[in-house]
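See structure below.
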Amino acid sequence: MSEVAVHIEHVSKKFRLYHERNQSLKSVIMRGRRSVHEDFWALKDISFEVPSGSTFGLIGSNGSGKSTLLKCLAKIYYPEKGTINYNGKIAALLEVGSGFHPELSGRENVFLNGSILGMSKKEVTRKFDEIVDFSGVEQFIDQPVKNYSSGMYVRLGFAIAINVDPDVLVVDEVLSVGDAAFQEKCRQKFIDFKTAGKTVILVSHAMESVREMCDQAAWLSHGELVQVGDADATIRAYLNSLPGDHRAA
Amino acid sequence: MRYIKEVLQSRELLANLTLREIRGQYKRTIFGQLWSLVNPLASMLVYTLVFAFILRVTPPPGDPSGLNIFPVWLLCGLLPWTFFANVVQQGMGSILGNVGLVQKVYFSRIVLPLSKVGSVGYNWLFEMGVLVAVLALVGSFVWPWLPLVLVAMVLLAIFAAGLALILAVANVHFRDTQYFMSIVMQIWLYLTPIIYPIGLVADQSEKYGGLFGTSITILDIYRINPLERFVAVFRQLLYDNRWPDPQDFLLCAIWALAVFLFGLWIFRRSEKGLAEAL
């Protein structure tokens, strides 16, 4: 636990709230400026470290900035201030099966999606059987994915993503895909991940699974970091802040 | 330099995305790849009927090839044009058309417009292959010029890619771009000597002489259009079977590199903000 996998330093992310969003040239010319907006800081000066080999949970209510932070970690958004440093290769799992082409077969899509996620052809070829086996769609792998059931679709997407084999895996509530058996397989995969010394950062609203899987957690509220540290303590503090019957015993 | 390395690292992804376009394009059609020929053939028929038969446009015969066939002459300019127009049109929409990917996965965004160059280029290669076969059939000795044709094709692809990069970014910020460009492309087609020979413009230019008391003629202004140079080079190689005019060839190369570098610079500058702006 001595090493740091991800180092987040004073990260702030601003969004523009447009009162009048002008995405047309006409309004630009008529008004002489692009649009009227006001700044909204979705993340305010967030700093923490994710230790290497840990499973790290991001918790907080809706709109607290969890997903924004996750997208910053995944390099989809770029923070206005601050830096994020990684130790090793990072892969993000924000949505499964993005980039699938409906007319192409499962097999072709595995290679396509694998390369979108940063795997080389050799790697995909090596892991192909494992991916297909994990997804459980062997029988239909040469069918176009538009004929897949939604469960098969996400299972195949998830199987590819989980096999990217990064040093840091960033996951957004995609654990809830598939049936109970598949979820069990995913859980096992995460445990394997952890034993291999890899780091997982996940966002979830399901406190039970966060408590079960994570050893560290960070609690965000309105874009600010409230508490970071041991998962149990952070979750308890978070639940206690909620009104009503969510209070933990 | 780091950027170039990053783009090079994603060449496999580029290849895969290009293959996705190519494989997905004509899926579930009976004629498959043949459809790629139908469009230029249909335009060829229409333009030949209107411009050669009704309006009696007569391009000069190929020198020294001696060819004098309007449809073939037309295709030598029309095929590069359709490639160019398709790359610009599809490349421009490539970021907007892949919102799901751009907002969910990190990868070098530049592969999206570039994959369009690849997939449209694949069709173009196929079309040009058919054109070369036709040229050979009608007696053009085109074979020795093919390497230079390939070079010219690469230059045009670079030029088109540069423009597509600029427009792809512009289209994310201003959705007007795509509608605006469809008009521009239409005008551009008629401002390029594709369906009529440049000689007709030269005649008019001669008549008016220098504009506003200067020595600049209509033809000079007309020839600023980079596509004019490209079409001239393709015709010189394919239809006339002779060395391309060095000035034309050089200008093609300069235009291609300049536009591509500018496109790359624009794209790189705004790449990071794309996911948000969508």
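Identifiers in the structure tokens: chain A, B, ... in order shown; residue index from 1 per chain; ligand index from 1 in order shown.
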
>> Based on only C-alpha atoms, which of the residues in chain B come within 12 Å of chain A? I want them as number ranges by chain.
In response: B: 6, 9-29, 97-109, 111-112, 170-180, 270-278

> Any idea what's packed within 8 Å of B:Phe83, counting only C-alpha atoms, ignoring anything in its chain fewer than 5 positions away? Could you give it as a list in words?
Replying inline: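 Final neighbour list, sorted by chain and number: Val120, Gly121 and Trp124 of chain B.
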
> What is the atom CA of A:Gln143-atom CA of A:Val110 distance in Å, reported with one decimal?
Replying inline: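 Distance reported for this atom pair: 12.2 Å.
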
> Hey, what's within 10 Å of stretch 140-157 of chain B if we count only C-alpha atoms and toss same-chain stuff fewer than 2 positions away? As JSON, numbers by chain, please?
Replying inline: {"B": [62, 64, 65, 66, 67, 80, 81, 83, 84, 87, 114, 117, 118, 120, 121, 124, 125, 128, 132, 133, 134, 135, 136, 137, 138, 159, 160, 161, 162, 163, 226, 227, 230, 231, 233, 234, 235, 236, 237, 238, 239, 240, 241, 242, 243, 244, 249, 252, 253, 254, 255, 256, 257, 260]}

File dump, residues just selected, N, CA and C atoms, as a compact mmCIF listing (two decimals), in the first residue's frame:
# COMPACT_ATOMS: atom_id res chain seq x y z
N GLY B 62 -6.80 14.18 -75.81
CA GLY B 62 -5.61 13.91 -74.98
C GLY B 62 -4.34 14.07 -75.79
N PRO B 64 -0.24 13.43 -75.41
CA PRO B 64 -0.17 12.79 -76.72
C PRO B 64 -1.05 11.54 -76.89
N SER B 65 -1.92 11.21 -75.93
CA SER B 65 -2.63 9.93 -76.02
C SER B 65 -3.61 9.90 -77.18
N GLY B 66 -4.11 11.06 -77.59
CA GLY B 66 -5.04 11.11 -78.70
C GLY B 66 -6.46 10.67 -78.35
N LEU B 67 -6.72 10.45 -77.07
CA LEU B 67 -8.08 10.06 -76.65
C LEU B 67 -9.04 11.22 -76.87
N PRO B 80 -11.64 11.81 -58.72
CA PRO B 80 -10.94 12.49 -57.61
C PRO B 80 -11.86 13.46 -56.89
N TRP B 81 -12.72 14.15 -57.61
CA TRP B 81 -13.62 15.10 -56.97
C TRP B 81 -14.57 14.40 -56.00
N PHE B 83 -14.23 11.63 -54.48
CA PHE B 83 -13.49 11.20 -53.30
C PHE B 83 -13.32 12.37 -52.34
N PHE B 84 -12.84 13.47 -52.89
CA PHE B 84 -12.60 14.66 -52.07
C PHE B 84 -13.88 15.10 -51.38
N VAL B 87 -14.93 12.66 -48.58
CA VAL B 87 -14.08 12.73 -47.38
C VAL B 87 -14.46 13.96 -46.56
N LEU B 114 -9.91 10.55 -39.69
CA LEU B 114 -8.96 9.87 -40.56
C LEU B 114 -9.49 8.52 -41.06
N VAL B 117 -11.24 9.00 -44.20
CA VAL B 117 -10.35 9.11 -45.35
C VAL B 117 -10.02 7.70 -45.84
N GLY B 118 -9.76 6.82 -44.88
CA GLY B 118 -9.42 5.45 -45.23
C GLY B 118 -10.56 4.73 -45.94
N VAL B 120 -13.37 5.96 -47.41
CA VAL B 120 -13.73 6.55 -48.70
C VAL B 120 -12.62 6.30 -49.71
N GLY B 121 -11.37 6.36 -49.21
CA GLY B 121 -10.23 6.10 -50.08
C GLY B 121 -10.23 4.69 -50.63
N TRP B 124 -12.49 4.65 -53.44
CA TRP B 124 -11.90 5.42 -54.53
C TRP B 124 -10.88 4.58 -55.29
N LEU B 125 -10.08 3.85 -54.51
CA LEU B 125 -9.08 2.98 -55.11
C LEU B 125 -9.74 1.99 -56.06
N MET B 128 -10.90 3.88 -59.14
CA MET B 128 -9.79 4.24 -60.00
C MET B 128 -9.27 3.00 -60.73
N VAL B 132 -8.85 2.78 -64.67
CA VAL B 132 -7.61 2.42 -65.35
C VAL B 132 -7.88 1.31 -66.35
N ALA B 133 -8.69 0.33 -65.96
CA ALA B 133 -9.03 -0.75 -66.88
C ALA B 133 -9.73 -0.20 -68.11
N VAL B 134 -10.67 0.73 -67.90
CA VAL B 134 -11.38 1.33 -69.03
C VAL B 134 -10.42 2.09 -69.92
N LEU B 135 -9.52 2.87 -69.28
CA LEU B 135 -8.54 3.65 -70.04
C LEU B 135 -7.69 2.74 -70.92
N ALA B 136 -7.26 1.62 -70.33
CA ALA B 136 -6.44 0.69 -71.08
C ALA B 136 -7.23 0.13 -72.26
N LEU B 137 -8.52 -0.12 -72.04
CA LEU B 137 -9.37 -0.68 -73.09
C LEU B 137 -9.52 0.28 -74.27
N VAL B 138 -9.66 1.60 -73.96
CA VAL B 138 -9.89 2.55 -75.04
C VAL B 138 -8.57 3.05 -75.64
N PHE B 159 -4.75 16.42 -48.52
CA PHE B 159 -5.46 17.70 -48.60
C PHE B 159 -6.88 17.56 -48.03
N ALA B 160 -7.58 16.50 -48.47
CA ALA B 160 -8.95 16.29 -48.01
C ALA B 160 -8.98 16.04 -46.51
N ALA B 161 -7.99 15.29 -46.00
CA ALA B 161 -7.95 14.98 -44.58
C ALA B 161 -7.79 16.27 -43.77
N GLY B 162 -6.92 17.16 -44.24
CA GLY B 162 -6.70 18.41 -43.53
C GLY B 162 -7.98 19.22 -43.43
N LEU B 163 -8.69 19.31 -44.54
CA LEU B 163 -9.93 20.07 -44.56
C LEU B 163 -10.97 19.40 -43.65
N PRO B 226 -7.35 25.08 -55.34
CA PRO B 226 -6.40 23.96 -55.36
C PRO B 226 -6.92 22.76 -56.13
N LEU B 227 -8.23 22.57 -56.12
CA LEU B 227 -8.78 21.41 -56.81
C LEU B 227 -8.53 21.49 -58.32
N PHE B 230 -5.27 19.87 -58.85
CA PHE B 230 -5.35 18.42 -58.69
C PHE B 230 -5.98 17.78 -59.93
N VAL B 231 -7.10 18.36 -60.38
CA VAL B 231 -7.79 17.79 -61.53
C VAL B 231 -6.88 17.84 -62.75
N VAL B 233 -3.61 17.71 -62.80
CA VAL B 233 -2.58 16.67 -62.69
C VAL B 233 -3.16 15.30 -63.04
N PHE B 234 -4.34 15.00 -62.50
CA PHE B 234 -4.95 13.69 -62.78
C PHE B 234 -5.21 13.52 -64.28
N ARG B 235 -5.68 14.59 -64.93
CA ARG B 235 -5.98 14.49 -66.37
C ARG B 235 -4.69 14.33 -67.17
N GLN B 236 -3.65 15.10 -66.78
CA GLN B 236 -2.39 15.00 -67.51
C GLN B 236 -1.86 13.57 -67.45
N LEU B 237 -1.99 12.95 -66.29
CA LEU B 237 -1.44 11.61 -66.13
C LEU B 237 -2.32 10.56 -66.80
N LEU B 238 -3.61 10.60 -66.51
CA LEU B 238 -4.49 9.52 -66.92
C LEU B 238 -4.98 9.68 -68.36
N TYR B 239 -5.37 10.89 -68.72
CA TYR B 239 -6.01 11.09 -70.02
C TYR B 239 -4.99 11.43 -71.10
N ASP B 240 -4.06 12.35 -70.75
CA ASP B 240 -3.07 12.76 -71.74
C ASP B 240 -1.87 11.83 -71.80
N ASN B 241 -1.61 11.13 -70.70
CA ASN B 241 -0.41 10.28 -70.58
C ASN B 241 0.87 11.08 -70.76
N ARG B 242 1.03 12.13 -69.98
CA ARG B 242 2.31 12.84 -70.06
C ARG B 242 2.71 13.29 -68.66
N TRP B 243 3.97 13.76 -68.58
CA TRP B 243 4.45 14.26 -67.30
C TRP B 243 3.56 15.40 -66.85
N PRO B 244 3.17 15.40 -65.59
CA PRO B 244 2.35 16.51 -65.12
C PRO B 244 3.17 17.80 -65.10
N PHE B 249 1.99 20.23 -60.03
CA PHE B 249 2.28 19.16 -59.09
C PHE B 249 2.81 19.73 -57.78
N CYS B 252 0.06 21.34 -55.78
CA CYS B 252 -0.76 20.32 -55.12
C CYS B 252 -0.11 19.91 -53.80
N ALA B 253 1.20 19.65 -53.88
CA ALA B 253 1.91 19.20 -52.69
C ALA B 253 1.89 20.28 -51.62
N ILE B 254 2.11 21.54 -52.03
CA ILE B 254 2.14 22.62 -51.04
C ILE B 254 0.77 22.79 -50.40
N TRP B 255 -0.26 22.83 -51.23
CA TRP B 255 -1.62 22.95 -50.69
C TRP B 255 -1.92 21.82 -49.70
N ALA B 256 -1.58 20.60 -50.13
CA ALA B 256 -1.90 19.44 -49.29
C ALA B 256 -1.22 19.56 -47.94
N LEU B 257 0.08 19.85 -47.95
CA LEU B 257 0.81 19.91 -46.68
C LEU B 257 0.33 21.07 -45.83
N PHE B 260 -3.11 20.35 -44.42
CA PHE B 260 -3.08 19.26 -43.45
C PHE B 260 -2.45 19.72 -42.14

For A:Lys13: contacts at 7 Å, only C-alpha atoms, fewer than 6 positions along chain excluded, given as a compact mmCIF listing (two decimals) with N, CA and C atoms, in the first residue's frame:
# COMPACT_ATOMS: atom_id res chain seq x y z
N TRP A 41 -18.69 25.34 -11.08
CA TRP A 41 -17.56 24.46 -10.73
C TRP A 41 -18.11 23.13 -10.24
N ALA A 42 -17.93 22.09 -11.07
CA ALA A 42 -18.43 20.77 -10.72
C ALA A 42 -17.48 20.07 -9.76
N LEU A 43 -16.22 20.45 -9.83
CA LEU A 43 -15.23 19.91 -8.89
C LEU A 43 -14.43 21.08 -8.34
N LYS A 44 -14.29 21.11 -7.04
CA LYS A 44 -13.55 22.23 -6.45
C LYS A 44 -12.36 21.71 -5.66
N PRO A 79 -9.41 18.68 -16.54
CA PRO A 79 -9.65 19.66 -15.50
C PRO A 79 -9.02 21.01 -15.84
N GLU A 80 -9.71 22.09 -15.42
CA GLU A 80 -9.19 23.43 -15.67
C GLU A 80 -7.94 23.69 -14.83
N LYS A 81 -8.00 23.17 -13.60
CA LYS A 81 -6.85 23.38 -12.71
C LYS A 81 -6.45 22.04 -12.13

> Could you name the residues that touch A:Val6 at 12 Å or less, counting only C-alpha atoms, but leaving out those on the same chain fewer than 2 positions away, as a PyMOL selection string?
Replying inline: chain A and resi 3-4+8-9+47-56+73-74+83-90+167-170+198-201

Go ahead and save the residues from that selection, with N, CA and C atoms, as a tab-separated table (two decimals), in the first residue's frame.
chain	number	residue	atom	x	y	z
A	3	GLU	N	2.84	2.35	-2.38
A	3	GLU	CA	2.89	3.09	-3.64
A	3	GLU	C	1.55	3.74	-3.98
A	4	VAL	N	1.65	4.77	-4.77
A	4	VAL	CA	0.46	5.51	-5.16
A	4	VAL	C	0.16	5.20	-6.62
A	8	ILE	N	-4.12	12.64	-7.36
A	8	ILE	CA	-5.02	13.72	-7.80
A	8	ILE	C	-4.69	14.96	-6.99
A	9	GLU	N	-4.31	16.01	-7.70
A	9	GLU	CA	-3.82	17.18	-6.99
A	9	GLU	C	-4.59	18.42	-7.38
A	47	SER	N	-8.17	16.89	-3.93
A	47	SER	CA	-6.85	16.27	-3.86
A	47	SER	C	-6.94	15.00	-3.02
A	48	PHE	N	-6.52	13.91	-3.58
A	48	PHE	CA	-6.31	12.71	-2.76
A	48	PHE	C	-5.45	11.73	-3.55
A	49	GLU	N	-5.06	10.68	-2.87
A	49	GLU	CA	-4.21	9.69	-3.52
A	49	GLU	C	-4.90	8.34	-3.45
A	50	VAL	N	-4.77	7.60	-4.52
A	50	VAL	CA	-5.31	6.25	-4.52
A	50	VAL	C	-4.13	5.30	-4.41
A	51	PRO	N	-4.05	4.56	-3.30
A	51	PRO	CA	-2.91	3.67	-3.14
A	51	PRO	C	-2.95	2.52	-4.14
A	52	SER	N	-1.80	2.11	-4.54
A	52	SER	CA	-1.66	1.03	-5.51
A	52	SER	C	-2.20	-0.27	-4.91
A	53	GLY	N	-2.93	-1.02	-5.71
A	53	GLY	CA	-3.44	-2.31	-5.26
A	53	GLY	C	-4.70	-2.24	-4.43
A	54	SER	N	-5.26	-1.05	-4.30
A	54	SER	CA	-6.47	-0.94	-3.49
A	54	SER	C	-7.69	-0.90	-4.40
A	55	THR	N	-8.85	-1.14	-3.80
A	55	THR	CA	-10.10	-0.90	-4.50
A	55	THR	C	-10.69	0.34	-3.87
A	56	PHE	N	-10.90	1.34	-4.70
A	56	PHE	CA	-11.22	2.66	-4.19
A	56	PHE	C	-12.63	3.03	-4.63
A	73	LEU	N	-10.67	11.35	-14.66
A	73	LEU	CA	-9.70	10.26	-14.51
A	73	LEU	C	-9.55	9.49	-15.81
A	74	ALA	N	-10.66	9.38	-16.55
A	74	ALA	CA	-10.63	8.62	-17.80
A	74	ALA	C	-10.13	9.44	-18.97
A	83	THR	N	-3.72	18.65	-11.45
A	83	THR	CA	-3.18	17.58	-12.29
A	83	THR	C	-3.59	16.22	-11.74
A	84	ILE	N	-3.63	15.27	-12.64
A	84	ILE	CA	-3.86	13.89	-12.26
A	84	ILE	C	-2.70	13.08	-12.81
A	85	ASN	N	-2.01	12.40	-11.93
A	85	ASN	CA	-0.87	11.58	-12.37
A	85	ASN	C	-1.15	10.11	-12.14
A	86	TYR	N	-0.78	9.31	-13.13
A	86	TYR	CA	-1.03	7.88	-13.02
A	86	TYR	C	0.29	7.14	-12.94
A	87	ASN	N	0.21	6.01	-12.29
A	87	ASN	CA	1.33	5.08	-12.29
A	87	ASN	C	0.88	3.88	-13.09
A	88	GLY	N	1.25	3.80	-14.33
A	88	GLY	CA	0.85	2.65	-15.13
A	88	GLY	C	-0.29	2.95	-16.07
A	89	LYS	N	-0.75	1.91	-16.73
A	89	LYS	CA	-1.77	2.04	-17.77
A	89	LYS	C	-3.16	2.12	-17.14
A	90	ILE	N	-3.95	3.03	-17.67
A	90	ILE	CA	-5.29	3.20	-17.11
A	90	ILE	C	-6.34	2.84	-18.15
A	167	ASP	N	-3.40	-1.31	-15.33
A	167	ASP	CA	-2.91	-1.24	-13.96
A	167	ASP	C	-3.94	-0.56	-13.07
A	168	VAL	N	-4.66	0.39	-13.68
A	168	VAL	CA	-5.72	1.08	-12.96
A	168	VAL	C	-7.00	0.96	-13.77
A	169	LEU	N	-8.05	0.46	-13.16
A	169	LEU	CA	-9.32	0.33	-13.85
A	169	LEU	C	-10.33	1.28	-13.23
A	170	VAL	N	-10.95	2.09	-14.06
A	170	VAL	CA	-11.94	3.05	-13.59
A	170	VAL	C	-13.31	2.56	-14.03
A	198	LYS	N	-3.62	-4.95	-8.87
A	198	LYS	CA	-4.13	-3.85	-9.68
A	198	LYS	C	-5.05	-2.96	-8.85
A	199	THR	N	-5.21	-1.75	-9.33
A	199	THR	CA	-6.03	-0.78	-8.62
A	199	THR	C	-7.37	-0.62	-9.33
A	200	VAL	N	-8.43	-0.55	-8.56
A	200	VAL	CA	-9.74	-0.33	-9.15
A	200	VAL	C	-10.35	0.91	-8.50
A	201	ILE	N	-10.88	1.80	-9.34
A	201	ILE	CA	-11.59	2.95	-8.80
A	201	ILE	C	-13.02	2.82	-9.30

> Counting only C-alpha atoms, what is within 12 Å of A:Met207, bar same-chain residues fewer than 2 positions away, as a list in words?
Replying inline: Gly57, Leu58, Ile59, Gly60, Ser61, Glu173, Leu202, Val203, Ser204, His205, Ser209, Val210, Arg211, Glu212, Met213, Cys214, Ala217, Trp219, Ala231, Asp232, Thr234, Ile235, Arg236, Ala237, Tyr238, Leu239, His246, Arg247 and Ala248 of chain A

Residues from the last selection, N, CA and C atoms, saved as a short mmCIF file (atom, residue, chain, number, x, y, z; two decimals), in the first residue's frame:
data_model
loop_
_atom_site.label_atom_id
_atom_site.label_comp_id
_atom_site.auth_asym_id
_atom_site.auth_seq_id
_atom_site.Cartn_x
_atom_site.Cartn_y
_atom_site.Cartn_z
N GLY A 57 -13.46 3.43 -3.69
CA GLY A 57 -14.83 3.79 -4.03
C GLY A 57 -15.04 5.29 -4.01
N LEU A 58 -15.82 5.79 -4.97
CA LEU A 58 -16.22 7.20 -4.94
C LEU A 58 -17.70 7.21 -4.62
N ILE A 59 -18.06 7.88 -3.52
CA ILE A 59 -19.46 7.90 -3.15
C ILE A 59 -19.95 9.33 -3.00
N GLY A 60 -21.26 9.48 -2.98
CA GLY A 60 -21.85 10.80 -2.88
C GLY A 60 -23.21 10.79 -3.54
N SER A 61 -23.99 11.82 -3.25
CA SER A 61 -25.34 11.87 -3.81
C SER A 61 -25.27 12.24 -5.29
N GLU A 173 -20.61 2.45 -12.29
CA GLU A 173 -21.79 1.61 -12.10
C GLU A 173 -22.17 0.66 -13.22
N LEU A 202 -13.99 2.83 -8.41
CA LEU A 202 -15.36 2.67 -8.88
C LEU A 202 -16.32 3.67 -8.25
N VAL A 203 -17.36 3.93 -9.01
CA VAL A 203 -18.42 4.80 -8.53
C VAL A 203 -19.64 3.93 -8.35
N SER A 204 -20.30 4.07 -7.21
CA SER A 204 -21.51 3.28 -7.06
C SER A 204 -22.46 3.95 -6.08
N HIS A 205 -23.74 3.66 -6.27
CA HIS A 205 -24.73 4.11 -5.31
C HIS A 205 -25.11 2.98 -4.36
N SER A 209 -22.36 -2.89 -1.86
CA SER A 209 -21.28 -3.44 -2.67
C SER A 209 -20.01 -2.62 -2.50
N VAL A 210 -20.15 -1.32 -2.27
CA VAL A 210 -18.95 -0.51 -2.02
C VAL A 210 -18.28 -1.01 -0.75
N ARG A 211 -19.10 -1.21 0.29
CA ARG A 211 -18.55 -1.65 1.58
C ARG A 211 -17.85 -3.00 1.44
N GLU A 212 -18.48 -3.85 0.61
CA GLU A 212 -17.96 -5.19 0.46
C GLU A 212 -16.64 -5.21 -0.33
N MET A 213 -16.59 -4.38 -1.37
CA MET A 213 -15.46 -4.47 -2.29
C MET A 213 -14.31 -3.52 -1.99
N CYS A 214 -14.64 -2.34 -1.47
CA CYS A 214 -13.60 -1.32 -1.39
C CYS A 214 -12.89 -1.34 -0.05
N ALA A 217 -12.29 4.81 0.41
CA ALA A 217 -13.38 5.51 -0.27
C ALA A 217 -13.20 7.00 -0.12
N TRP A 219 -15.63 10.59 -0.31
CA TRP A 219 -17.01 11.06 -0.32
C TRP A 219 -17.02 12.48 -0.87
N ALA A 231 -12.80 2.75 3.94
CA ALA A 231 -14.11 2.68 3.31
C ALA A 231 -15.24 2.66 4.33
N ASP A 232 -15.12 1.82 5.35
CA ASP A 232 -16.19 1.67 6.34
C ASP A 232 -16.54 3.01 6.99
N THR A 234 -15.86 6.06 5.97
CA THR A 234 -16.35 7.05 5.03
C THR A 234 -17.82 6.79 4.70
N ILE A 235 -18.13 5.51 4.47
CA ILE A 235 -19.51 5.16 4.14
C ILE A 235 -20.42 5.49 5.31
N ARG A 236 -19.97 5.20 6.52
CA ARG A 236 -20.79 5.46 7.69
C ARG A 236 -21.06 6.97 7.80
N ALA A 237 -20.02 7.74 7.61
CA ALA A 237 -20.17 9.19 7.69
C ALA A 237 -21.13 9.69 6.63
N TYR A 238 -21.00 9.13 5.42
CA TYR A 238 -21.87 9.54 4.32
C TYR A 238 -23.32 9.21 4.64
N LEU A 239 -23.57 7.96 5.09
CA LEU A 239 -24.93 7.54 5.38
C LEU A 239 -25.53 8.36 6.51
N HIS A 246 -31.90 6.04 5.97
CA HIS A 246 -30.70 5.47 5.40
C HIS A 246 -29.60 5.32 6.44
N ARG A 247 -29.83 5.92 7.59
CA ARG A 247 -28.79 5.93 8.61
C ARG A 247 -28.28 4.53 8.92
N ALA A 248 -27.01 4.42 8.99
CA ALA A 248 -26.42 3.13 9.34
C ALA A 248 -26.48 2.95 10.84
#

>> Quick check for you: according to DSSP on this backbone, which residues of stretch 17-198 of chain A are classed as alpha helix (DSSP H)? Reply as a VMD selection string.
In response: chain A and resid 25 to 31 66 to 73 106 to 116 121 to 135 150 to 162 180 to 195

>> Applying 7 Å and only C-alpha atoms, which residues near A:His222 remain after dropping the ones on its own chain fewer than 6 positions away? List them as number ranges by chain.
In response: A: 63-65

> Between atom CA of B:Leu74 and atom CA of B:Thr48, what is the spacing in Å?
Replying inline: 8.0 Å

> Between B:Pro71, B:Gly91, B:Gly210, B:Gly129, which has the minimum distance to B:Ile194 (counting only C-alpha atoms)?
Replying inline: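 For B:Ile194, the nearest of the candidates is B:Pro71.
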
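Atom CA of B:Pro193 is positioned 19.4 Å from atom CA of B:Ile216.
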
> So which residues of stretch 2-244 of chain A fall under strand (DSSP E or B) by DSSP, listed as JSON, numbers by chain?
Replying inline: {"A": [4, 5, 6, 7, 8, 9, 10, 11, 12, 13, 14, 15, 16, 17, 18, 19, 20, 36, 37, 38, 39, 40, 41, 42, 43, 44, 45, 46, 47, 48, 49, 50, 51, 55, 56, 57, 58, 59, 81, 82, 83, 84, 85, 86, 90, 91, 92, 93, 105, 144, 168, 169, 170, 171, 172, 199, 200, 201, 202, 203, 216, 217, 218, 219, 220, 221, 224, 225, 226, 227, 228, 229, 230]}
